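Below: one structure, written as structure tokens.
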Amino acid sequence: MPRTTPLSDIRNIGIIAHVDAGKTTTTERILYYTGRKHTIIDIHDTKDLKTSTTTDYLEQEQKRGITIQSAAVSAFWRDKKINLIDTPGHVDFTIEVNRSLRVLDGAVVVFDGVAGVEPQSETNWRLADNYGVPRICYVNKMDRSGANFVRCVDMIKKRLGARPLPVQLPIGSEDNFKGMIDLVEMKALVWDSDDKDAEWRILDVTPDLADKLHITMPEDRKLLAKADQYRTELIDTCLEQDDEAMEAYLTDGTLPSADLLRKALRKGTLNSAFTPVLCGSSYKNKGVQQVLDAVVDYLPAPTDVPSIKTVDADGEPIGERKTSDDEPFSALAFKVINDAYGALTFIRVYSGVLTKGASVQNSTRGKREKIGRMVEMFAKEANPVEEARAGDIIALVSLADTETGDTLCDAAHPVVLERMRFPDPVISVSVKAKVKAEQEKFGSALGKMVRADPSLHLETDRETGQTILRGMGELHLEVTLDRMRTEFGVEGIMGEPQVAYRETFTKKLTEQYIHKKQTGGSGQFAEVWIVFEPLERSAGFEFVDETVGGSVPREFVPSVEKGLKIQKEDGVLAHYPTVDFRATLIDGSFHDVDSNALTFEIAAKACFREGIRKAGPILLEPVMKVETVTPGDYLGDVIGDINRRRGSILDQLERGTNIAVVANVPLSEMFGYIGQLRGMTSGRASYTMEFSHYDPVPRNVADEVIAEVAKAKAAALA
Ligand SMILES: Nc1nc2c(ncn2[C@@H]2O[C@H](COP(=O)(O)OP(=O)(O)OP(=O)(O)O)[C@@H](O)[C@H]2O)c(=O)[nH]1
Ligand SMILES: [Mg+2]
């Protein structure tokens, strides 16, 4: 089967932004204007679950009115095939933006015309920088009260350190937003109604435009009066991209044609010399078709971006694979989901052709995969396809071993493609099935959720045996459990975030214990002498036998060790495990009849309990290495807050326009940090943390912890 859409006619793009900027609203319009659907559903009409937008089809998305997982759709515009991924803006689901940007060629960055550049737009912008994704900016919500195009462009420059280049100017704003001046054609596009089917009129940009259209706000009129100035800036910037046009302009003042300008805009966008900025109101159906034009005109086809890098076992680049049907097959699995069709593995094909029934190599895992059903996804709808070619994004049904981030390739020409990077989960809770009988079903569903989401981690707590789920934030964990209910029919419950304390002691001492009991005829007897000494942090537990002359018979020494091992797990202060010490058995005595393995085990346990109580026992707590990235304005507040959390500052580093504060902070003080940090910095700071080491808990804090554990124990026994 020959190729149906030439590679140059494909646009693989993502829509990225801060939460609520209007990505899904815009996507919904794109599908309408390209004829992929006949009605438009608005976000606020989906809460009763009776209807949903095309891309926010999950129950959790409908109810909360936010996007949680990215969804792929495709549409044709001016004979170009646009494959589009609508991504979430909430920080907890950042993995979805991350993996989308990894496989997309270009992006539309949406801004709320009132709020401008928000934290998640900043984070996503940097992600796009990392992946080298060319983008265009769309200042949406121009109809909202307080919308300000110029301020937004200014923030793109200052906060993102980008070079924004307006290719449109809004005509009016708020209630009086009428359309925009197309600075490339130098024409005014004017809508007379908010109706989704309203056509725009095309007017000349004349000095009386503002009067004619009843634009009254001074700011809006001022901007229109500057149209020529903006047009000049556009032309000058475009000429930088085109030597010939520059030459013509300099010799006889020839102004470049609109077509020439568009070509230069495309070139400059692809090499990230600048970022074109458009404006509109998706909700009021103004400017969306123009965004589609810009996607076609300025964003890259798969062949316009650098070839995908291939890497060695250490992830170091060793070569590249050209985007072409004629190269051997290679693709990257960037997402696995579980749905009605079973496990679906989304892949982006970088080279070659994949046909149904083929056998390919998973070069990341060294396994073979047989390609069964292949589908093109349209949000939740799967449409079977027979083959996929370079540049395509499709899903494979029921692969055996392929996980997110794996490379699939022609076994005769194996390559591993550049890896994906995942964020580290920072919050953990214990989880279990609501109904005990469903624990197994719960476990298997949880396994599937974790497989689909690399920003979730699952582990079993060694001490409590509890299942611990780690994720990006509370919403992330909450949504994960709720999706298990709707997608796998099993309900779970979540515990409070917990800190794993430990115990140790500070003094070396020798303890003697005699276990002696006389019950009727037979008795129990064992005597042990044990030296307890503290060791350095992380040394764990050591047992040494130094007895001589059979004071403790050889066969009973392991019983002493066993007794200590059991007892040390139940520390003398608050029942936490005791760590970092050595116990040396130096002496003892026995009775021919009354001594046995059990009596020595009992004696060792008691010896530990009695001894450690006198050895200056202390509580240890996990300390996290925390890195908080904040704009300089909030540095003082951030540091003050870390100090209040018993933290110690290790370092301050420059991070672009921000400062990274590196500190050690006890884990117990980190609960609720994200909320406090966001509040303190208007949401502009972020943090990550990882385990560093255990440290003694200060006396007053330890007393509280010990009292609390005692209270909980008492409550459990009552
Ligand atoms: N006034 C106005 N409201 C808009 C516009 N575009 C979107 N909205 C509203 O903004 C809210 C959020 O829109 P969404 O499309 O869900 O935003 P999103 O960027 O997809 O949000 P997330 O996916 O959760 O990050 C909804 O209530 C929309 O109706 C606009 O142009 N004007
Ligand atoms: Mg959305």
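Going through the structure tokens in order, the chains are called A, B, and so on, while each chain numbers its residues from 1 and the ligands are numbered from 1 in the order shown.
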
Using only C-alpha atoms and all ligand atoms, find each residue in chain A having at least one atom no more than 6 Å away from ligand 2; report its shortest atom-to-atom pair and that distance in Å (one decimal), rows by chain then rising number, as CSV.
residue,atom,partner,partner_atom_place_in_ligand_line,distance
A:Lys23,CA,ligand 2,1 (Mg),5.1
A:Thr24,CA,ligand 2,1 (Mg),4.0
A:Ile66,CA,ligand 2,1 (Mg),5.3
A:Thr67,CA,ligand 2,1 (Mg),4.0
A:Pro88,CA,ligand 2,1 (Mg),5.3

Go ahead and dump the residues you just picked, N, CA, C and O atoms, as a compact mmCIF listing (two decimals), in the first residue's frame.
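Dumped to out_29.txt:
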# COMPACT_ATOMS: atom_id res chain seq x y z
N LYS A 23 -7.08 24.66 26.45
CA LYS A 23 -6.56 23.67 25.48
C LYS A 23 -7.67 22.78 24.94
O LYS A 23 -7.81 22.58 23.73
N THR A 24 -8.46 22.23 25.86
CA THR A 24 -9.50 21.30 25.44
C THR A 24 -10.61 22.05 24.69
O THR A 24 -11.13 21.56 23.68
N ILE A 66 -11.24 19.06 34.24
CA ILE A 66 -9.83 19.23 33.88
C ILE A 66 -9.39 18.03 33.05
O ILE A 66 -10.00 16.97 33.11
N THR A 67 -8.34 18.23 32.28
CA THR A 67 -7.77 17.12 31.53
C THR A 67 -6.81 16.37 32.44
O THR A 67 -6.05 16.99 33.19
N PRO A 88 -2.87 17.64 29.58
CA PRO A 88 -3.35 18.29 30.80
C PRO A 88 -2.42 19.41 31.23
O PRO A 88 -1.24 19.40 30.91

Using only C-alpha atoms and all ligand atoms, which protein or nucleic acid residues are at most 8 Å from ligand 1, as number ranges by chain?
-> A: 16-27, 42-44, 65-68, 86-90, 110, 112, 140-144, 280-285

- Of the listed residues A:Ser648, A:Thr407, A:Thr584, A:Thr237, that which approaches A:Arg262 most closely, counting only C-alpha atoms: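 For A:Arg262, the nearest of the given residues is A:Thr237.
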
Backbone-only DSSP, helix (DSSP H, G or I) members of stretch 473-512 of chain A, as number ranges by chain | A: 474-488

Enumerate, as a compact mmCIF listing (two decimals) with all heavy atoms, in the first residue's frame, the complete set of residues in stretch 192-367 of chain A that a backbone-based DSSP assignment places in strand (DSSP E).
# COMPACT_ATOMS: atom_id res chain seq x y z
N TRP A 200 -16.13 35.47 9.33
CA TRP A 200 -15.52 36.76 9.61
C TRP A 200 -15.51 37.60 8.35
O TRP A 200 -15.42 37.08 7.24
CB TRP A 200 -14.11 36.59 10.17
CG TRP A 200 -13.18 35.81 9.27
CD1 TRP A 200 -12.34 36.31 8.32
CD2 TRP A 200 -13.02 34.39 9.23
NE1 TRP A 200 -11.66 35.30 7.70
CE2 TRP A 200 -12.04 34.10 8.24
CE3 TRP A 200 -13.59 33.33 9.95
CZ2 TRP A 200 -11.64 32.79 7.93
CZ3 TRP A 200 -13.19 32.03 9.64
CH2 TRP A 200 -12.22 31.77 8.65
N ARG A 201 -15.63 38.92 8.55
CA ARG A 201 -15.51 39.86 7.43
C ARG A 201 -14.05 40.26 7.31
O ARG A 201 -13.33 40.29 8.31
CB ARG A 201 -16.32 41.14 7.71
CG ARG A 201 -17.81 40.93 7.68
CD ARG A 201 -18.49 42.29 7.80
NE ARG A 201 -18.50 42.80 9.17
CZ ARG A 201 -18.38 44.09 9.48
NH1 ARG A 201 -18.18 45.01 8.53
NH2 ARG A 201 -18.41 44.49 10.75
N ILE A 202 -13.62 40.56 6.10
CA ILE A 202 -12.24 41.00 5.91
C ILE A 202 -12.24 42.47 5.52
O ILE A 202 -12.83 42.86 4.51
CB ILE A 202 -11.53 40.16 4.82
CG1 ILE A 202 -11.55 38.68 5.24
CG2 ILE A 202 -10.10 40.66 4.59
CD1 ILE A 202 -10.95 37.73 4.23
N LEU A 203 -11.63 43.30 6.37
CA LEU A 203 -11.63 44.75 6.14
C LEU A 203 -10.20 45.25 5.96
O LEU A 203 -9.25 44.63 6.44
CB LEU A 203 -12.24 45.48 7.34
CG LEU A 203 -13.62 45.03 7.83
CD1 LEU A 203 -14.02 45.84 9.06
CD2 LEU A 203 -14.66 45.20 6.72
N ASP A 204 -10.07 46.38 5.30
CA ASP A 204 -8.76 47.02 5.19
C ASP A 204 -8.39 47.65 6.53
O ASP A 204 -9.26 48.05 7.29
CB ASP A 204 -8.79 48.11 4.12
CG ASP A 204 -8.77 47.50 2.73
OD1 ASP A 204 -8.20 46.38 2.59
OD2 ASP A 204 -9.34 48.11 1.80
N THR A 275 9.07 33.13 18.18
CA THR A 275 7.83 32.37 18.29
C THR A 275 6.65 33.25 17.88
O THR A 275 6.39 34.26 18.55
CB THR A 275 7.62 31.89 19.73
OG1 THR A 275 8.85 31.37 20.23
CG2 THR A 275 6.57 30.81 19.80
N PRO A 276 5.96 32.92 16.78
CA PRO A 276 4.81 33.71 16.36
C PRO A 276 3.73 33.70 17.44
O PRO A 276 3.51 32.67 18.09
CB PRO A 276 4.30 33.00 15.10
CG PRO A 276 5.44 32.15 14.65
CD PRO A 276 6.21 31.79 15.88
N VAL A 277 3.06 34.85 17.64
CA VAL A 277 1.99 34.93 18.64
C VAL A 277 0.68 35.32 17.96
O VAL A 277 0.62 36.31 17.21
CB VAL A 277 2.32 35.97 19.73
CG1 VAL A 277 1.28 35.91 20.84
CG2 VAL A 277 3.71 35.75 20.30
N LEU A 278 -0.36 34.52 18.23
CA LEU A 278 -1.70 34.80 17.72
C LEU A 278 -2.62 35.10 18.90
O LEU A 278 -2.22 34.94 20.05
CB LEU A 278 -2.24 33.59 16.95
CG LEU A 278 -1.51 33.18 15.69
CD1 LEU A 278 -0.39 32.22 15.99
CD2 LEU A 278 -2.49 32.56 14.69
N CYS A 279 -3.85 35.52 18.59
CA CYS A 279 -4.79 35.76 19.67
C CYS A 279 -6.19 35.33 19.27
O CYS A 279 -6.44 35.05 18.10
CB CYS A 279 -4.78 37.24 20.06
SG CYS A 279 -5.34 38.32 18.74
N ILE A 308 15.87 11.65 14.49
CA ILE A 308 15.88 11.12 15.85
C ILE A 308 17.25 10.50 16.15
O ILE A 308 17.85 9.82 15.31
CB ILE A 308 14.76 10.07 16.04
CG1 ILE A 308 14.70 9.55 17.46
CG2 ILE A 308 14.90 8.91 15.07
CD1 ILE A 308 13.94 10.41 18.40
N LYS A 309 17.74 10.77 17.37
CA LYS A 309 19.06 10.24 17.76
C LYS A 309 18.93 8.79 18.22
O LYS A 309 17.97 8.41 18.86
CB LYS A 309 19.61 11.05 18.93
CG LYS A 309 19.79 12.52 18.66
CD LYS A 309 21.23 12.86 18.36
CE LYS A 309 21.44 14.34 18.13
NZ LYS A 309 20.51 14.99 17.19
N THR A 310 19.95 8.02 17.90
CA THR A 310 20.02 6.66 18.44
C THR A 310 21.10 6.66 19.52
O THR A 310 22.04 7.46 19.47
CB THR A 310 20.37 5.64 17.34
OG1 THR A 310 21.62 6.01 16.76
CG2 THR A 310 19.31 5.63 16.26
N VAL A 311 20.93 5.79 20.52
CA VAL A 311 21.84 5.83 21.67
C VAL A 311 22.43 4.45 21.98
O VAL A 311 21.92 3.42 21.52
CB VAL A 311 21.11 6.35 22.94
CG1 VAL A 311 20.64 7.78 22.75
CG2 VAL A 311 19.94 5.45 23.31
N PRO A 317 24.33 9.40 22.83
CA PRO A 317 24.00 9.40 21.40
C PRO A 317 25.12 8.77 20.57
O PRO A 317 26.30 9.07 20.80
CB PRO A 317 23.84 10.88 21.06
CG PRO A 317 24.10 11.65 22.28
CD PRO A 317 24.40 10.73 23.41
N ILE A 318 24.74 7.90 19.63
CA ILE A 318 25.76 7.29 18.77
C ILE A 318 25.45 7.46 17.29
O ILE A 318 26.27 7.17 16.45
CB ILE A 318 25.96 5.78 19.08
CG1 ILE A 318 24.60 5.07 19.17
CG2 ILE A 318 26.77 5.57 20.35
CD1 ILE A 318 24.72 3.56 19.21
N GLY A 319 24.25 7.93 16.99
CA GLY A 319 23.93 8.11 15.58
C GLY A 319 22.55 8.68 15.43
O GLY A 319 22.01 9.26 16.37
N GLU A 320 21.97 8.55 14.24
CA GLU A 320 20.61 9.03 14.04
C GLU A 320 19.89 8.18 13.01
O GLU A 320 20.51 7.40 12.28
CB GLU A 320 20.61 10.50 13.65
CG GLU A 320 21.44 10.81 12.42
CD GLU A 320 21.39 12.30 12.07
OE1 GLU A 320 21.40 13.12 13.00
OE2 GLU A 320 21.34 12.61 10.87
N ARG A 321 18.58 8.29 12.99
CA ARG A 321 17.76 7.54 12.04
C ARG A 321 16.94 8.56 11.26
O ARG A 321 16.21 9.34 11.88
CB ARG A 321 16.87 6.60 12.85
CG ARG A 321 16.09 5.51 12.16
CD ARG A 321 16.78 4.71 11.12
NE ARG A 321 17.59 3.56 11.41
CZ ARG A 321 17.17 2.38 11.84
NH1 ARG A 321 15.93 2.18 12.14
NH2 ARG A 321 18.01 1.38 11.97
N SER A 330 11.68 1.87 12.81
CA SER A 330 11.97 2.18 14.22
C SER A 330 10.83 3.01 14.78
O SER A 330 10.22 3.82 14.06
CB SER A 330 13.30 2.93 14.37
OG SER A 330 13.17 4.25 13.91
N ALA A 331 10.51 2.78 16.04
CA ALA A 331 9.42 3.52 16.68
C ALA A 331 9.66 3.57 18.18
O ALA A 331 10.37 2.73 18.74
CB ALA A 331 8.08 2.84 16.40
N LEU A 332 9.07 4.56 18.82
CA LEU A 332 9.18 4.69 20.27
C LEU A 332 7.81 4.50 20.91
O LEU A 332 6.83 5.13 20.51
CB LEU A 332 9.71 6.08 20.64
CG LEU A 332 9.98 6.25 22.13
CD1 LEU A 332 11.35 5.69 22.50
CD2 LEU A 332 9.89 7.71 22.55
N ALA A 333 7.74 3.61 21.92
CA ALA A 333 6.50 3.43 22.68
C ALA A 333 6.48 4.53 23.73
O ALA A 333 7.37 4.60 24.56
CB ALA A 333 6.47 2.07 23.34
N PHE A 334 5.49 5.41 23.67
CA PHE A 334 5.50 6.54 24.60
C PHE A 334 4.35 6.50 25.60
O PHE A 334 4.28 7.32 26.51
CB PHE A 334 5.54 7.88 23.87
CG PHE A 334 4.31 8.20 23.06
CD1 PHE A 334 3.31 9.00 23.58
CD2 PHE A 334 4.17 7.70 21.77
CE1 PHE A 334 2.18 9.31 22.84
CE2 PHE A 334 3.05 8.01 21.02
CZ PHE A 334 2.04 8.81 21.55
N LYS A 335 3.46 5.53 25.43
CA LYS A 335 2.31 5.51 26.34
C LYS A 335 1.64 4.15 26.27
O LYS A 335 1.51 3.57 25.19
CB LYS A 335 1.35 6.60 25.89
CG LYS A 335 0.16 6.80 26.78
CD LYS A 335 -0.58 8.07 26.34
CE LYS A 335 -1.95 8.09 26.95
NZ LYS A 335 -2.23 9.27 27.71
N VAL A 336 1.25 3.64 27.43
CA VAL A 336 0.49 2.39 27.47
C VAL A 336 -0.80 2.70 28.23
O VAL A 336 -0.75 3.30 29.30
CB VAL A 336 1.26 1.29 28.24
CG1 VAL A 336 0.45 0.00 28.29
CG2 VAL A 336 2.61 1.04 27.58
N ILE A 337 -1.94 2.36 27.66
CA ILE A 337 -3.17 2.55 28.43
C ILE A 337 -3.98 1.26 28.46
O ILE A 337 -3.82 0.40 27.60
CB ILE A 337 -4.06 3.71 27.91
CG1 ILE A 337 -4.59 3.43 26.49
CG2 ILE A 337 -3.35 5.02 27.96
CD1 ILE A 337 -5.69 4.40 26.08
N ASN A 338 -4.83 1.15 29.46
CA ASN A 338 -5.73 0.00 29.54
C ASN A 338 -7.11 0.53 29.22
O ASN A 338 -7.57 1.45 29.86
CB ASN A 338 -5.75 -0.55 30.95
CG ASN A 338 -4.35 -0.83 31.44
OD1 ASN A 338 -3.72 -1.76 31.00
ND2 ASN A 338 -3.87 0.02 32.34
N ASP A 339 -7.76 -0.03 28.23
CA ASP A 339 -9.14 0.39 28.03
C ASP A 339 -9.95 -0.79 27.51
O ASP A 339 -9.51 -1.93 27.57
CB ASP A 339 -9.23 1.62 27.12
CG ASP A 339 -9.02 1.28 25.67
OD1 ASP A 339 -8.68 0.12 25.39
OD2 ASP A 339 -9.22 2.16 24.84
N GLY A 342 -8.32 -3.57 25.68
CA GLY A 342 -7.18 -4.24 26.29
C GLY A 342 -6.05 -3.25 26.44
O GLY A 342 -6.28 -2.04 26.48
N ALA A 343 -4.80 -3.76 26.54
CA ALA A 343 -3.67 -2.84 26.67
C ALA A 343 -3.36 -2.26 25.30
O ALA A 343 -3.22 -2.98 24.32
CB ALA A 343 -2.47 -3.58 27.23
N LEU A 344 -3.27 -0.93 25.25
CA LEU A 344 -2.94 -0.26 24.00
C LEU A 344 -1.59 0.41 24.17
O LEU A 344 -1.39 1.15 25.12
CB LEU A 344 -3.96 0.83 23.70
CG LEU A 344 -5.29 0.46 23.07
CD1 LEU A 344 -6.13 1.72 22.90
CD2 LEU A 344 -5.07 -0.20 21.72
N THR A 345 -0.66 0.13 23.26
CA THR A 345 0.65 0.76 23.32
C THR A 345 0.75 1.79 22.21
O THR A 345 0.70 1.44 21.03
CB THR A 345 1.76 -0.29 23.15
OG1 THR A 345 1.52 -1.34 24.08
CG2 THR A 345 3.12 0.31 23.40
N PHE A 346 0.86 3.05 22.60
CA PHE A 346 0.98 4.12 21.60
C PHE A 346 2.42 4.19 21.13
O PHE A 346 3.34 4.19 21.94
CB PHE A 346 0.61 5.48 22.22
CG PHE A 346 -0.86 5.67 22.39
CD1 PHE A 346 -1.55 5.00 23.38
CD2 PHE A 346 -1.56 6.53 21.55
CE1 PHE A 346 -2.91 5.19 23.55
CE2 PHE A 346 -2.93 6.73 21.72
CZ PHE A 346 -3.60 6.05 22.71
N ILE A 347 2.60 4.25 19.81
CA ILE A 347 3.97 4.42 19.31
C ILE A 347 4.03 5.58 18.32
O ILE A 347 3.06 5.90 17.65
CB ILE A 347 4.51 3.15 18.60
CG1 ILE A 347 3.63 2.76 17.40
CG2 ILE A 347 4.63 1.99 19.58
CD1 ILE A 347 4.30 1.73 16.48
N ARG A 348 5.20 6.19 18.26
CA ARG A 348 5.48 7.16 17.22
C ARG A 348 6.49 6.47 16.31
O ARG A 348 7.56 6.04 16.75
CB ARG A 348 6.07 8.43 17.82
CG ARG A 348 6.97 9.23 16.89
CD ARG A 348 6.19 10.17 15.99
NE ARG A 348 6.99 10.64 14.88
CZ ARG A 348 7.27 11.92 14.62
NH1 ARG A 348 6.80 12.83 15.41
NH2 ARG A 348 7.99 12.24 13.57
N VAL A 349 6.11 6.33 15.03
CA VAL A 349 7.02 5.71 14.07
C VAL A 349 7.99 6.78 13.57
O VAL A 349 7.57 7.86 13.15
CB VAL A 349 6.24 5.11 12.87
CG1 VAL A 349 7.20 4.42 11.91
CG2 VAL A 349 5.17 4.14 13.36
N TYR A 350 9.28 6.51 13.71
CA TYR A 350 10.28 7.47 13.26
C TYR A 350 10.82 7.15 11.87
O TYR A 350 11.21 8.03 11.12
CB TYR A 350 11.43 7.57 14.28
CG TYR A 350 11.03 8.42 15.45
CD1 TYR A 350 10.53 7.85 16.61
CD2 TYR A 350 11.11 9.80 15.38
CE1 TYR A 350 10.13 8.64 17.69
CE2 TYR A 350 10.71 10.60 16.44
CZ TYR A 350 10.22 10.01 17.60
OH TYR A 350 9.82 10.81 18.64
N SER A 351 10.88 5.84 11.53
CA SER A 351 11.39 5.49 10.21
C SER A 351 10.77 4.17 9.78
O SER A 351 10.32 3.37 10.61
CB SER A 351 12.92 5.35 10.26
OG SER A 351 13.28 4.35 11.19
N VAL A 353 8.34 1.30 7.68
CA VAL A 353 6.91 0.98 7.58
C VAL A 353 6.65 -0.24 8.46
O VAL A 353 7.42 -1.19 8.47
CB VAL A 353 6.54 0.64 6.11
CG1 VAL A 353 5.04 0.34 6.00
CG2 VAL A 353 6.93 1.79 5.18
N LEU A 354 5.58 -0.18 9.23
CA LEU A 354 5.20 -1.32 10.07
C LEU A 354 3.89 -1.89 9.53
O LEU A 354 2.92 -1.15 9.35
CB LEU A 354 4.99 -0.86 11.51
CG LEU A 354 4.61 -1.94 12.53
CD1 LEU A 354 5.74 -2.95 12.70
CD2 LEU A 354 4.25 -1.32 13.87
N THR A 355 3.87 -3.19 9.24
CA THR A 355 2.63 -3.78 8.75
C THR A 355 2.10 -4.80 9.75
O THR A 355 2.86 -5.40 10.52
CB THR A 355 2.85 -4.49 7.39
OG1 THR A 355 4.10 -5.17 7.43
CG2 THR A 355 2.83 -3.51 6.25
N SER A 359 6.88 -9.13 12.77
CA SER A 359 7.54 -9.42 14.03
C SER A 359 8.66 -8.41 14.17
O SER A 359 9.47 -8.23 13.26
CB SER A 359 8.09 -10.85 13.97
OG SER A 359 9.04 -11.02 14.98
N VAL A 360 8.68 -7.69 15.27
CA VAL A 360 9.69 -6.65 15.45
C VAL A 360 10.47 -6.90 16.73
O VAL A 360 10.10 -7.72 17.56
CB VAL A 360 9.07 -5.23 15.48
CG1 VAL A 360 8.36 -4.92 14.18
CG2 VAL A 360 8.14 -5.09 16.67
N GLN A 361 11.57 -6.17 16.88
CA GLN A 361 12.43 -6.31 18.03
C GLN A 361 12.14 -5.19 19.03
O GLN A 361 12.07 -4.03 18.64
CB GLN A 361 13.90 -6.24 17.57
CG GLN A 361 14.92 -6.42 18.67
CD GLN A 361 15.10 -7.89 19.06
OE1 GLN A 361 14.48 -8.77 18.47
NE2 GLN A 361 15.94 -8.14 20.05
N ASN A 362 11.95 -5.55 20.30
CA ASN A 362 11.96 -4.53 21.34
C ASN A 362 13.43 -4.46 21.77
O ASN A 362 13.91 -5.28 22.53
CB ASN A 362 11.06 -4.94 22.51
CG ASN A 362 11.12 -3.93 23.65
OD1 ASN A 362 12.14 -3.28 23.87
ND2 ASN A 362 10.02 -3.80 24.37
N LYS A 367 13.60 -8.33 23.41
CA LYS A 367 12.51 -9.28 23.23
C LYS A 367 11.85 -9.09 21.87
O LYS A 367 11.87 -7.99 21.31
CB LYS A 367 11.45 -9.05 24.32
CG LYS A 367 11.94 -9.27 25.73
CD LYS A 367 11.04 -10.27 26.44
CE LYS A 367 11.66 -10.82 27.70
NZ LYS A 367 11.17 -10.21 28.92

- Task: May I have the residues within 8 Å of stretch 376-380 of chain A as number ranges by chain, using only C-alpha atoms and disregarding those fewer than 4 positions away in the same chain?
- Result: A: 54-55, 57, 71-74, 384-385, 393-395

Could those residues be written to a file, using C-alpha atoms, as a short mmCIF file (atom, residue, chain, number, x, y, z; two decimals), in the first residue's frame?
data_model
loop_
_atom_site.label_atom_id
_atom_site.label_comp_id
_atom_site.auth_asym_id
_atom_site.auth_seq_id
_atom_site.Cartn_x
_atom_site.Cartn_y
_atom_site.Cartn_z
CA THR A 54 -14.01 14.47 22.58
CA THR A 55 -10.68 14.50 24.40
CA TYR A 57 -13.80 11.51 28.04
CA ALA A 71 -5.72 12.26 24.13
CA ALA A 72 -4.84 12.05 20.45
CA VAL A 73 -7.14 13.12 17.62
CA SER A 74 -6.53 13.88 13.98
CA PRO A 384 -8.11 -0.33 12.58
CA VAL A 385 -5.23 0.34 10.18
CA ILE A 393 1.32 8.00 15.70
CA ILE A 394 -0.71 4.83 16.19
CA ALA A 395 -1.51 2.28 18.89
#

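Ranking A:Tyr513, A:Asn124, A:Gly679, A:Met624 by their shortest atom-to-atom distance to A:Glu601, with only C-alpha atoms included, puts A:Tyr513 first.
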
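Remark: for A:Lys508, the closest of the candidate residues A:Val531, A:Ala714, A:Val108, A:Val665 is A:Val531 (distances computed over only C-alpha atoms).
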
Stretch 438-447 of chain A: which residues within 8 Å, counting only C-alpha atoms, same-chain residues fewer than 2 positions away excluded, as a VMD selection string? chain A and resid 432 to 436 449 to 451 484 488 490 to 492

If we count only C-alpha atoms and set the cut-off at 12 Å, which residues sit around A:Lys212, ignoring sequence neighbours fewer than 2 positions away in its own chain? Please answer as an mmCIF file with N, CA and C atoms, in the first residue's frame.
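So selection20.cif came out as:
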data_model
loop_
_atom_site.group_PDB
_atom_site.id
_atom_site.type_symbol
_atom_site.label_atom_id
_atom_site.label_comp_id
_atom_site.auth_asym_id
_atom_site.auth_seq_id
_atom_site.Cartn_x
_atom_site.Cartn_y
_atom_site.Cartn_z
ATOM 1 N N ILE A 171 -8.454 43.031 17.981
ATOM 2 C CA ILE A 171 -9.314 44.199 17.755
ATOM 3 C C ILE A 171 -10.321 44.211 18.894
ATOM 4 N N GLY A 172 -10.113 45.135 19.839
ATOM 5 C CA GLY A 172 -10.963 45.198 21.019
ATOM 6 C C GLY A 172 -10.586 44.106 22.005
ATOM 7 N N LYS A 178 -13.555 41.781 18.953
ATOM 8 C CA LYS A 178 -14.229 41.626 17.661
ATOM 9 C C LYS A 178 -13.478 40.730 16.682
ATOM 10 N N ALA A 188 -7.960 43.289 8.450
ATOM 11 C CA ALA A 188 -8.690 43.072 9.698
ATOM 12 C C ALA A 188 -9.705 41.950 9.494
ATOM 13 N N VAL A 190 -12.960 40.372 11.147
ATOM 14 C CA VAL A 190 -13.948 40.838 12.122
ATOM 15 C C VAL A 190 -15.170 39.920 12.174
ATOM 16 N N LEU A 203 -11.628 43.302 6.374
ATOM 17 C CA LEU A 203 -11.627 44.748 6.142
ATOM 18 C C LEU A 203 -10.202 45.249 5.963
ATOM 19 N N ASP A 204 -10.071 46.385 5.303
ATOM 20 C CA ASP A 204 -8.760 47.017 5.192
ATOM 21 C C ASP A 204 -8.393 47.645 6.531
ATOM 22 N N VAL A 205 -7.089 47.678 6.805
ATOM 23 C CA VAL A 205 -6.643 48.321 8.041
ATOM 24 C C VAL A 205 -6.482 49.814 7.758
ATOM 25 N N THR A 206 -7.525 50.560 8.062
ATOM 26 C CA THR A 206 -7.512 52.003 7.814
ATOM 27 C C THR A 206 -7.458 52.736 9.152
ATOM 28 N N PRO A 207 -7.062 54.014 9.146
ATOM 29 C CA PRO A 207 -6.953 54.751 10.411
ATOM 30 C C PRO A 207 -8.281 54.852 11.163
ATOM 31 N N ASP A 208 -9.404 54.742 10.457
ATOM 32 C CA ASP A 208 -10.693 54.876 11.150
ATOM 33 C C ASP A 208 -11.266 53.521 11.597
ATOM 34 N N LEU A 209 -10.423 52.476 11.559
ATOM 35 C CA LEU A 209 -10.892 51.125 11.897
ATOM 36 C C LEU A 209 -11.532 51.076 13.293
ATOM 37 N N ALA A 210 -10.866 51.689 14.272
ATOM 38 C CA ALA A 210 -11.356 51.651 15.651
ATOM 39 C C ALA A 210 -12.732 52.304 15.749
ATOM 40 N N HIS A 214 -16.421 50.533 16.583
ATOM 41 C CA HIS A 214 -16.860 50.953 17.923
ATOM 42 C C HIS A 214 -15.947 50.412 19.022
ATOM 43 N N ILE A 215 -14.656 50.494 18.774
ATOM 44 C CA ILE A 215 -13.683 50.123 19.814
ATOM 45 C C ILE A 215 -13.467 51.363 20.673
ATOM 46 N N THR A 216 -13.857 51.267 21.956
ATOM 47 C CA THR A 216 -13.834 52.471 22.783
ATOM 48 C C THR A 216 -12.732 52.480 23.842
ATOM 49 N N ARG A 221 -7.630 50.965 21.586
ATOM 50 C CA ARG A 221 -7.465 51.914 20.470
ATOM 51 C C ARG A 221 -5.985 52.195 20.246
#
